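Here's the structure we're looking at; comments come further down.
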Amino acid sequence: MWRYFLPIAFFVLLVGFFLRGLSLDPSEIPSPLLGKPAPAFELPSLDDPASTVGTDTMKGKVALLNVWGTWCGGCRQEHDTLMAIAATGEVPIYGLNWKDDPAAAREMLRQMGNPYVASGIDADGRVAIDWGVYGAPETFLLAADGTVIYKYIGPLNFGIWQQEILPLALQAKEQQP
Amino acid sequence: MIRNLAARVFATLAIAGFFASGVVFAIDSSEEFEDPKMQARYEKLTAELRCLVCQNQTIADSNAGLAVDLRRETRQMLLDGKTDDEIRTFMVERYGNFVLYRPPVDSNTLLLWGAPAILLLGGAIAAAVVIRRRTGMKFDDEEGDELSHEESNA
């Protein structure tokens with residue numbers, strides 16, 4: 001009896017593990033920042049390098065921080081979604097222009113439209129390291145008090161915005177003092 | 001047959017030699033530290049930290065942009081006099097325990113750390129059961145015959 005039952009039980013267990021493993025995306029690593037205060041930064045603004053963008057600029061409102069670069073294919077892919085989110089007017093979108101050429105970045109926004117209230121120039125990637133960024137595009141949802149509520153890794157689409165991010169954003173807005 | 005064997009041994013040694021000389025082909029082209037102790041710490045740390053873009057490589061092994069940045073960050077922290085633990089904590093605060101190739105034991109990694117012991121125990125139990133069963137077998141059994149044949153030869 002055991003002779004037959006054990007191998008079958010073992011096989012079923014293994015199949016269970018494989019099914020679970022196949023449905024996970026190994027490139028999605030949970031951020032240790034969730035629920036914690038956003039790492040402070042202050043960077044020159046892409047539109048006007050004389051002014052700065054940073055955690056102080058974003059404080060006081062529920063906002064999105066989107067990590068992007070002209071070299072990043074997924075960022076171009078999600079650009080239309082960002083434009084659509086910006087058009088809803090629900091949350092301001094800030095950009096972190098990661099290890100990019102500012103001239104090329106400005107040109108891309110001129111051609112494809114600019115969904116960002118402002119973008120900070122993170123030329124050497126130091127701020128990205130503080131935020132635990134490892135692959136653009138990445139998008140963070142921040143509460144008004146500067147807490148990181150949510151992180152999405154990979155190109156956004158409007159469905160993810162509506163189903164996952166918007167409800168959290170609305171909830172955060174309600175809790176806003 | 002013997003020539004064939006010699007050729008195989010030679011090929012194996014050649015391949016082993018190639019990998020053993022890996023230092024020559026090191027990815028990390030940055031300058032060495034003046035202090036050899038610090039260089040050793042740098043090499044140990046970068047070999048323990050995972051490159052998150054290319055997940056099966058350490059940041060010492062990879063030339064991905066992020067790996068280069070994290071090596072630079074590690075180097076700077078060493079020069080600033082940070083301890084190894086402080087540098088590891090810095091990485092974990094940003095990228096989570098996933099960045100460590102040797103994650104700490106907690107509820108998430110208990111199975112990972114316990115697996116060798118569990119497998120060893122399972123193997124030992126299976127071995128014990130099989131050995132006990134075989135010990136009880138009679139000598140007219142095929143395997144029993146072979147064993148006694150060997151024994152009489154010895």
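Chain lettering (A, B, ...) mirrors the order of the structure tokens, residue numbering begins at 1 for each chain separately, and ligand numbering begins at 1 in order of display.
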Proximity check chain A to chain B, 7 Å, nearest pairs one decimal Å, only C-alpha atoms, as JSON lines:
```
{"residue": "A:Ser31", "atom": "CA", "partner": "B:Tyr95", "partner_atom": "CA", "distance": 6.4}
{"residue": "A:Pro32", "atom": "CA", "partner": "B:Gly96", "partner_atom": "CA", "distance": 5.3}
{"residue": "A:Leu33", "atom": "CA", "partner": "B:Arg94", "partner_atom": "CA", "distance": 6.9}
{"residue": "A:Asp130", "atom": "CA", "partner": "B:Arg94", "partner_atom": "CA", "distance": 6.0}
{"residue": "A:Trp131", "atom": "CA", "partner": "B:Arg94", "partner_atom": "CA", "distance": 6.2}
{"residue": "A:Gly132", "atom": "CA", "partner": "B:Arg94", "partner_atom": "CA", "distance": 4.4}
{"residue": "A:Tyr134", "atom": "CA", "partner": "B:Leu52", "partner_atom": "CA", "distance": 6.2}
{"residue": "A:Gly135", "atom": "CA", "partner": "B:Val53", "partner_atom": "CA", "distance": 6.7}
```
Output C-alpha atoms for every residue in that selection, as a PDB file, in the first residue's frame.
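Result written to result.pdb:
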```pdb
ATOM      1  CA  SER A  31      10.080  46.192  -1.655  1.00  0.00           C
ATOM      2  CA  PRO A  32      11.193  46.543   1.966  1.00  0.00           C
ATOM      3  CA  LEU A  33      10.162  50.212   1.690  1.00  0.00           C
ATOM      4  CA  ASP A 130      18.133  54.523  -1.890  1.00  0.00           C
ATOM      5  CA  TRP A 131      14.733  53.645  -3.311  1.00  0.00           C
ATOM      6  CA  GLY A 132      15.762  50.046  -3.998  1.00  0.00           C
ATOM      7  CA  TYR A 134      16.696  47.695  -9.805  1.00  0.00           C
ATOM      8  CA  GLY A 135      14.925  47.892 -13.131  1.00  0.00           C
TER       9      GLY A 135
END
```
(request) Give the helix (DSSP H, G or I) residues of region 64-162 of chain A, as DSSP finds them on the backbone, and put them as a ChimeraX atom specification. (result) /A:73-88,102-112,126-130,158-162
Go ahead and write the residues just picked, N, CA, C and O atoms, as a tab-separated table (two decimals), in the first residue's frame.
```tsv
chain	number	residue	atom	x	y	z
A	73	GLY	N	12.93	50.48	-22.59
A	73	GLY	CA	11.83	50.17	-23.50
A	73	GLY	C	10.48	50.12	-22.81
A	73	GLY	O	9.50	50.65	-23.32
A	74	GLY	N	10.45	49.52	-21.61
A	74	GLY	CA	9.21	49.42	-20.86
A	74	GLY	C	8.64	50.78	-20.50
A	74	GLY	O	7.42	50.94	-20.34
A	75	CYS	N	9.52	51.78	-20.36
A	75	CYS	CA	9.07	53.13	-20.01
A	75	CYS	C	8.31	53.76	-21.17
A	75	CYS	O	7.30	54.43	-20.99
A	76	ARG	N	8.82	53.53	-22.38
A	76	ARG	CA	8.12	54.04	-23.58
A	76	ARG	C	6.78	53.34	-23.71
A	76	ARG	O	5.78	53.95	-24.08
A	77	GLN	N	6.81	52.02	-23.38
A	77	GLN	CA	5.60	51.22	-23.47
A	77	GLN	C	4.50	51.75	-22.55
A	77	GLN	O	3.33	51.77	-22.90
A	78	GLU	N	4.88	52.18	-21.34
A	78	GLU	CA	3.87	52.61	-20.37
A	78	GLU	C	3.59	54.11	-20.46
A	78	GLU	O	2.76	54.63	-19.71
A	79	HIS	N	4.26	54.80	-21.38
A	79	HIS	CA	4.15	56.25	-21.41
A	79	HIS	C	2.70	56.72	-21.63
A	79	HIS	O	2.23	57.65	-20.97
A	80	ASP	N	2.01	56.05	-22.56
A	80	ASP	CA	0.61	56.43	-22.83
A	80	ASP	C	-0.26	56.26	-21.59
A	80	ASP	O	-1.16	57.06	-21.34
A	81	THR	N	0.02	55.17	-20.83
A	81	THR	CA	-0.74	54.94	-19.60
A	81	THR	C	-0.51	56.08	-18.62
A	81	THR	O	-1.45	56.57	-17.99
A	82	LEU	N	0.76	56.50	-18.49
A	82	LEU	CA	1.06	57.62	-17.59
A	82	LEU	C	0.33	58.88	-18.03
A	82	LEU	O	-0.20	59.63	-17.20
A	83	MET	N	0.31	59.11	-19.35
A	83	MET	CA	-0.42	60.28	-19.88
A	83	MET	C	-1.89	60.19	-19.49
A	83	MET	O	-2.50	61.19	-19.08
A	84	ALA	N	-2.46	58.98	-19.61
A	84	ALA	CA	-3.88	58.79	-19.29
A	84	ALA	C	-4.14	59.00	-17.79
A	84	ALA	O	-5.13	59.60	-17.40
A	85	ILE	N	-3.21	58.51	-16.96
A	85	ILE	CA	-3.37	58.68	-15.50
A	85	ILE	C	-3.28	60.17	-15.16
A	85	ILE	O	-4.08	60.69	-14.37
A	86	ALA	N	-2.32	60.85	-15.78
A	86	ALA	CA	-2.17	62.29	-15.53
A	86	ALA	C	-3.45	63.02	-15.93
A	86	ALA	O	-3.88	63.97	-15.26
A	87	ALA	N	-4.07	62.56	-17.03
A	87	ALA	CA	-5.28	63.23	-17.53
A	87	ALA	C	-6.45	63.07	-16.56
A	87	ALA	O	-7.34	63.92	-16.51
A	88	THR	N	-6.47	61.97	-15.77
A	88	THR	CA	-7.57	61.80	-14.81
A	88	THR	C	-7.49	62.85	-13.70
A	88	THR	O	-8.50	63.13	-13.05
A	102	PRO	N	19.91	64.04	-19.96
A	102	PRO	CA	18.80	64.99	-19.77
A	102	PRO	C	18.28	65.55	-21.10
A	102	PRO	O	17.06	65.72	-21.25
A	103	ALA	N	19.18	65.80	-22.04
A	103	ALA	CA	18.73	66.35	-23.32
A	103	ALA	C	17.81	65.36	-24.04
A	103	ALA	O	16.74	65.72	-24.54
A	104	ALA	N	18.21	64.07	-24.04
A	104	ALA	CA	17.39	63.03	-24.68
A	104	ALA	C	16.06	62.89	-23.95
A	104	ALA	O	15.01	62.68	-24.57
A	105	ALA	N	16.10	63.00	-22.60
A	105	ALA	CA	14.89	62.86	-21.80
A	105	ALA	C	13.90	63.98	-22.12
A	105	ALA	O	12.71	63.74	-22.30
A	106	ARG	N	14.42	65.21	-22.21
A	106	ARG	CA	13.56	66.35	-22.54
A	106	ARG	C	12.94	66.17	-23.92
A	106	ARG	O	11.76	66.44	-24.14
A	107	GLU	N	13.76	65.64	-24.85
A	107	GLU	CA	13.29	65.43	-26.22
A	107	GLU	C	12.16	64.39	-26.25
A	107	GLU	O	11.16	64.58	-26.93
A	108	MET	N	12.34	63.31	-25.44
A	108	MET	CA	11.31	62.27	-25.41
A	108	MET	C	9.99	62.83	-24.89
A	108	MET	O	8.91	62.54	-25.43
A	109	LEU	N	10.06	63.66	-23.85
A	109	LEU	CA	8.83	64.23	-23.28
A	109	LEU	C	8.19	65.22	-24.26
A	109	LEU	O	6.97	65.37	-24.31
A	110	ARG	N	9.05	65.90	-25.04
A	110	ARG	CA	8.51	66.86	-26.01
A	110	ARG	C	7.74	66.10	-27.11
A	110	ARG	O	6.67	66.52	-27.54
A	111	GLN	N	8.30	64.95	-27.50
A	111	GLN	CA	7.66	64.18	-28.58
A	111	GLN	C	6.45	63.39	-28.12
A	111	GLN	O	5.43	63.35	-28.80
A	112	MET	N	6.57	62.74	-26.94
A	112	MET	CA	5.52	61.81	-26.52
A	112	MET	C	4.56	62.41	-25.52
A	112	MET	O	3.61	61.76	-25.10
A	126	ARG	N	22.27	57.38	-7.61
A	126	ARG	CA	22.37	57.28	-6.15
A	126	ARG	C	20.99	57.24	-5.49
A	126	ARG	O	20.75	56.46	-4.57
A	127	VAL	N	20.09	58.11	-5.96
A	127	VAL	CA	18.75	58.15	-5.38
A	127	VAL	C	18.01	56.84	-5.67
A	127	VAL	O	17.34	56.28	-4.81
A	128	ALA	N	18.19	56.32	-6.89
A	128	ALA	CA	17.55	55.06	-7.26
A	128	ALA	C	17.98	53.94	-6.31
A	128	ALA	O	17.16	53.09	-5.93
A	129	ILE	N	19.24	53.92	-5.91
A	129	ILE	CA	19.71	52.89	-4.97
A	129	ILE	C	18.99	53.05	-3.63
A	129	ILE	O	18.52	52.07	-3.05
A	130	ASP	N	18.84	54.29	-3.15
A	130	ASP	CA	18.13	54.52	-1.89
A	130	ASP	C	16.70	54.03	-1.96
A	130	ASP	O	16.12	53.62	-0.95
A	158	PHE	N	-3.42	50.64	-17.97
A	158	PHE	CA	-4.51	51.38	-17.34
A	158	PHE	C	-5.34	50.47	-16.40
A	158	PHE	O	-5.88	50.94	-15.40
A	159	GLY	N	-5.37	49.17	-16.72
A	159	GLY	CA	-6.08	48.22	-15.87
A	159	GLY	C	-5.46	48.14	-14.48
A	159	GLY	O	-6.18	48.11	-13.47
A	160	ILE	N	-4.14	48.09	-14.42
A	160	ILE	CA	-3.45	48.03	-13.13
A	160	ILE	C	-3.72	49.32	-12.34
A	160	ILE	O	-3.97	49.29	-11.13
A	161	TRP	N	-3.71	50.44	-13.05
A	161	TRP	CA	-4.01	51.72	-12.41
A	161	TRP	C	-5.40	51.68	-11.79
A	161	TRP	O	-5.58	52.00	-10.62
A	162	GLN	N	-6.39	51.23	-12.57
A	162	GLN	CA	-7.77	51.27	-12.09
A	162	GLN	C	-8.02	50.26	-10.99
A	162	GLN	O	-8.70	50.55	-10.01
```
(message) Need to verify the contact set: Lys99 (chain A), 10 Å, only C-alpha atoms, exclusion of same-chain residues closer than 6 positions in sequence. Can you return it as a ChimeraX atom specification?
(response) /A:68-71,121-126,128 /B:65
Take the residues just selected and output them with all heavy atoms as a tab-separated table (two decimals), in the first residue's frame.
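Final output, out-v7.tsv:
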```tsv
chain	number	residue	atom	x	y	z
A	68	TRP	N	12.05	56.31	-14.61
A	68	TRP	CA	12.06	56.12	-16.07
A	68	TRP	C	13.39	56.58	-16.67
A	68	TRP	O	14.23	57.20	-16.02
A	68	TRP	CB	10.90	56.90	-16.71
A	68	TRP	CG	11.02	58.40	-16.61
A	68	TRP	CD1	10.83	59.15	-15.49
A	68	TRP	CD2	11.36	59.32	-17.65
A	68	TRP	NE1	11.02	60.49	-15.77
A	68	TRP	CE2	11.34	60.62	-17.10
A	68	TRP	CE3	11.67	59.17	-19.00
A	68	TRP	CZ2	11.64	61.76	-17.84
A	68	TRP	CZ3	11.95	60.32	-19.75
A	68	TRP	CH2	11.94	61.59	-19.15
A	69	GLY	N	13.55	56.24	-17.95
A	69	GLY	CA	14.72	56.67	-18.71
A	69	GLY	C	14.43	56.48	-20.18
A	69	GLY	O	13.60	55.64	-20.55
A	70	THR	N	15.09	57.24	-21.01
A	70	THR	CA	14.83	57.10	-22.45
A	70	THR	C	15.37	55.78	-22.99
A	70	THR	O	14.93	55.29	-24.01
A	70	THR	CB	15.50	58.24	-23.25
A	70	THR	OG1	16.89	58.27	-22.90
A	70	THR	CG2	14.89	59.58	-22.92
A	71	TRP	N	16.36	55.20	-22.26
A	71	TRP	CA	16.98	53.95	-22.68
A	71	TRP	C	16.12	52.75	-22.34
A	71	TRP	O	16.47	51.62	-22.66
A	71	TRP	CB	18.35	53.81	-22.00
A	71	TRP	CG	18.28	54.11	-20.53
A	71	TRP	CD1	18.52	55.32	-19.93
A	71	TRP	CD2	17.91	53.22	-19.47
A	71	TRP	NE1	18.32	55.24	-18.57
A	71	TRP	CE2	17.95	53.95	-18.27
A	71	TRP	CE3	17.57	51.87	-19.42
A	71	TRP	CZ2	17.65	53.40	-17.03
A	71	TRP	CZ3	17.27	51.32	-18.18
A	71	TRP	CH2	17.31	52.08	-17.01
A	121	ILE	N	16.55	64.69	-11.99
A	121	ILE	CA	17.63	64.07	-12.75
A	121	ILE	C	18.54	63.28	-11.80
A	121	ILE	O	19.28	63.87	-11.02
A	121	ILE	CB	18.48	65.13	-13.50
A	121	ILE	CG1	17.58	66.01	-14.38
A	121	ILE	CG2	19.57	64.47	-14.33
A	121	ILE	CD1	18.33	67.15	-15.03
A	122	ASP	N	18.45	61.96	-11.86
A	122	ASP	CA	19.30	61.11	-11.03
A	122	ASP	C	20.43	60.57	-11.92
A	122	ASP	O	20.41	59.43	-12.35
A	122	ASP	CB	18.48	59.97	-10.43
A	122	ASP	CG	19.26	59.15	-9.41
A	122	ASP	OD1	20.28	59.66	-8.91
A	122	ASP	OD2	18.85	58.02	-9.13
A	123	ALA	N	21.40	61.43	-12.18
A	123	ALA	CA	22.41	61.13	-13.19
A	123	ALA	C	23.26	59.91	-12.81
A	123	ALA	O	23.52	59.06	-13.65
A	123	ALA	CB	23.31	62.35	-13.40
A	124	ASP	N	23.68	59.81	-11.53
A	124	ASP	CA	24.56	58.69	-11.17
A	124	ASP	C	23.82	57.53	-10.50
A	124	ASP	O	24.44	56.55	-10.10
A	124	ASP	CB	25.71	59.19	-10.28
A	124	ASP	CG	25.20	59.89	-9.04
A	124	ASP	OD1	23.96	59.93	-8.84
A	124	ASP	OD2	26.02	60.41	-8.27
A	125	GLY	N	22.49	57.64	-10.37
A	125	GLY	CA	21.72	56.53	-9.84
A	125	GLY	C	21.77	56.37	-8.33
A	125	GLY	O	21.35	55.36	-7.80
A	126	ARG	N	22.27	57.38	-7.61
A	126	ARG	CA	22.37	57.28	-6.15
A	126	ARG	C	20.99	57.24	-5.49
A	126	ARG	O	20.75	56.46	-4.57
A	126	ARG	CB	23.16	58.48	-5.58
A	126	ARG	CG	24.64	58.42	-5.82
A	126	ARG	CD	25.28	57.27	-5.05
A	126	ARG	NE	24.97	57.30	-3.64
A	126	ARG	CZ	25.74	57.89	-2.72
A	126	ARG	NH1	26.85	58.46	-3.08
A	126	ARG	NH2	25.41	57.86	-1.45
A	128	ALA	N	18.19	56.32	-6.89
A	128	ALA	CA	17.55	55.06	-7.26
A	128	ALA	C	17.98	53.94	-6.31
A	128	ALA	O	17.16	53.09	-5.93
A	128	ALA	CB	17.89	54.70	-8.70
B	65	GLY	N	24.40	47.50	-15.22
B	65	GLY	CA	24.54	48.85	-14.68
B	65	GLY	C	24.37	48.89	-13.17
B	65	GLY	O	25.16	49.51	-12.46
```
(message) Could you go through chain A and tell me which residues DSSP, when run on the backbone, assigns to strand (DSSP E or B), listing them as number ranges by chain?
(response) A: 37, 42-45, 52-54, 63-68, 93-98, 118-122, 138-142, 147-153
(request) Excluding Arg41 (chain B) and any residue of its chain fewer than 5 positions from it, enumerate the residues within 10 Å of it, using only C-alpha atoms, and give them as a PyMOL selection string. (result) chain B and resi 36+46-47+75+78+83-84
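Pairwise distance (CA of Leu170 (chain A), CA of Val62 (chain A)) equals 8.7 Å.
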(message) I want to know what sits within 7 Å of Gly120 (chain A), based on only C-alpha atoms, with residues of the same chain fewer than 3 positions away left out; could you give that as a VMD selection string?
(response) chain A and resid 43 to 46 53 95 to 97
Go ahead and write the residues just picked, all heavy atoms, as a CSV table (one decimal), in the first residue's frame.
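Saved file again.csv follows:
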```
chain,number,residue,atom,x,y,z
A,43,LEU,N,16.8,66.6,-6.1
A,43,LEU,CA,17.5,66.5,-7.4
A,43,LEU,C,17.2,67.7,-8.2
A,43,LEU,O,16.1,68.2,-8.1
A,43,LEU,CB,17.2,65.2,-8.1
A,43,LEU,CG,17.7,63.9,-7.5
A,43,LEU,CD1,17.0,62.7,-8.2
A,43,LEU,CD2,19.2,63.8,-7.6
A,44,PRO,N,18.1,68.1,-9.1
A,44,PRO,CA,17.8,69.1,-10.1
A,44,PRO,C,16.6,68.7,-11.0
A,44,PRO,O,16.5,67.5,-11.4
A,44,PRO,CB,19.1,69.3,-10.9
A,44,PRO,CG,19.9,68.1,-10.6
A,44,PRO,CD,19.5,67.6,-9.2
A,45,SER,N,15.7,69.6,-11.3
A,45,SER,CA,14.6,69.3,-12.1
A,45,SER,C,14.9,69.2,-13.6
A,45,SER,O,15.8,70.0,-14.1
A,45,SER,CB,13.5,70.4,-11.9
A,45,SER,OG,12.6,70.3,-12.9
A,46,LEU,N,14.3,68.3,-14.3
A,46,LEU,CA,14.6,68.1,-15.7
A,46,LEU,C,14.2,69.3,-16.5
A,46,LEU,O,14.9,69.7,-17.4
A,46,LEU,CB,13.9,66.8,-16.2
A,46,LEU,CG,14.2,66.4,-17.6
A,46,LEU,CD1,15.6,65.9,-17.8
A,46,LEU,CD2,13.3,65.2,-18.0
A,53,VAL,N,13.6,69.0,-7.4
A,53,VAL,CA,12.4,68.1,-7.2
A,53,VAL,C,12.9,67.2,-6.1
A,53,VAL,O,14.0,66.7,-6.1
A,53,VAL,CB,12.1,67.3,-8.5
A,53,VAL,CG1,10.8,66.5,-8.2
A,53,VAL,CG2,11.9,68.2,-9.6
A,95,GLY,N,8.5,62.2,-11.7
A,95,GLY,CA,9.4,61.3,-12.4
A,95,GLY,C,10.8,61.3,-11.7
A,95,GLY,O,11.2,62.3,-11.2
A,96,LEU,N,11.4,60.1,-11.8
A,96,LEU,CA,12.8,60.0,-11.4
A,96,LEU,C,13.5,59.6,-12.7
A,96,LEU,O,13.4,58.4,-13.1
A,96,LEU,CB,13.0,59.0,-10.3
A,96,LEU,CG,14.4,58.9,-9.8
A,96,LEU,CD1,14.8,60.1,-9.0
A,96,LEU,CD2,14.6,57.7,-8.8
A,97,ASN,N,14.2,60.5,-13.3
A,97,ASN,CA,14.9,60.2,-14.6
A,97,ASN,C,16.2,59.6,-14.3
A,97,ASN,O,17.2,60.2,-13.9
A,97,ASN,CB,15.1,61.5,-15.4
A,97,ASN,CG,15.6,61.3,-16.8
A,97,ASN,OD1,16.6,61.9,-17.2
A,97,ASN,ND2,15.0,60.4,-17.5
```
(request) Quote the spacing between CA of Pro92 (chain A) and CA of Tyr116 (chain A) in Å to one decimal place. (result) 7.3 Å
